[in-house]
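A short write-up of the structure that comes next.
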Amino acid sequence: WKYKGSPLFLFHHIVSTWVLATFLVYGNLPYFCNSLLIMEVANPFMHMRWMMGRLGTSKTSLIYVMNQLTVTLVFFLFRVINAALYWRATYVIMQKEEYYGLEVTTVLGHLLA
């Protein structure tokens, strides 16, 4: 990652931390908080791939190929599918009047996530 220290990268992590803290402090929208956390399931496998690359592990080795397949499957299930369900549920909940009675920080955090 050549952009790891970029302002956008830092902004993303600051906002993400703020959003999760807001959900936890107010106790609102637990489904959405859990959905955001579940999206991180793929990270250990992506980090393993990065570490294997740095260690010079052959891309044709069994461990590298198995990890790559795991990354692909887990990323698709827990990021792509979960994100679609997250935004579908967002659409549904935004149709309810109670949603607009939540704290402003909760609503903003939910939409920024």
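Naming works like this for the structure tokens: A, B, ... for the chains as they're shown, residue 1 at the start of each chain, ligands 1 onward in shown order.
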
Within 12 Å of stretch 1-25 of chain A, which residues of stretch 52-104 of chain A come that close, and what is the closest atom pair and distance in Å for each? Count only C-alpha atoms and give it as a Markdown table.
| residue | atom | partner | partner_atom | distance |
| --- | --- | --- | --- | --- |
| A:Leu102 | CA | A:Phe23 | CA | 10.9 |
| A:Glu103 | CA | A:Thr22 | CA | 9.4 |
| A:Val104 | CA | A:Thr22 | CA | 10.2 |

**OP:** With a distance cut-off of 7 Å and only C-alpha atoms, select the neighbouring residues of stretch 38-45 of chain A, excluding the residue or stretch itself and same-chain residues fewer than 6 positions from it, and output the selection as a list in words.
**Re:** Asn67, Val71, Val74, Phe75, Phe78 and Arg79 of chain A

Subject >> Contacts of stretch 82-90 of chain A at 7 Å (only C-alpha atoms; same-chain gap of 4+ positions) as a list in words >> reply: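 Those residues are Phe32, Ser35, Leu77, Phe78 and Met94 of chain A.
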
Can you write out the residues you just picked, keeping N, CA and C atoms, as a CSV table (one decimal), in the first residue's frame?
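The result, written out as part02.csv:
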chain,number,residue,atom,x,y,z
A,32,PHE,N,-26.2,-2.8,12.2
A,32,PHE,CA,-25.3,-2.1,11.3
A,32,PHE,C,-23.8,-2.1,11.9
A,35,SER,N,-22.5,-5.5,11.2
A,35,SER,CA,-22.2,-5.6,9.8
A,35,SER,C,-20.9,-5.0,9.4
A,77,LEU,N,-17.8,-12.9,0.4
A,77,LEU,CA,-18.9,-13.2,1.3
A,77,LEU,C,-19.1,-12.0,2.3
A,78,PHE,N,-18.0,-11.7,2.9
A,78,PHE,CA,-18.1,-10.7,4.1
A,78,PHE,C,-17.9,-9.3,3.7
A,94,MET,N,-34.4,3.6,6.6
A,94,MET,CA,-34.6,5.0,6.3
A,94,MET,C,-36.1,5.3,6.0

**OP:** Work out how far atom CA of A:His110 is from atom CA of A:Leu36, in Å to one decimal.
**Re:** 9.9 Å

**OP:** Among the residues of chain A, find those DSSP assigns to helix (DSSP H, G or I) from the backbone and print them as a PyMOL selection string.
**Re:** chain A and resi 7-26+30-55+62-93+97-101+104-112

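Going from atom CA of A:Gly109 over to atom CA of A:Glu97, you cover 17.8 Å.
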
Subject >> One-decimal distance in Å that lies between atom CA of A:Gly53 and atom CA of A:Leu69 >> reply: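 Answer for the atom CA of A:Leu69 to atom CA of A:Gly53 separation: 15.2 Å.
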
**OP:** Find the spatial neighbours of A:Arg49, counting only C-alpha atoms, within a cut-off of 10 Å - ignore same-chain residues fewer than 6 positions away - and output them as a PyMOL selection string.
**Re:** chain A and resi 43+55+57+59+63-65+67-68+71
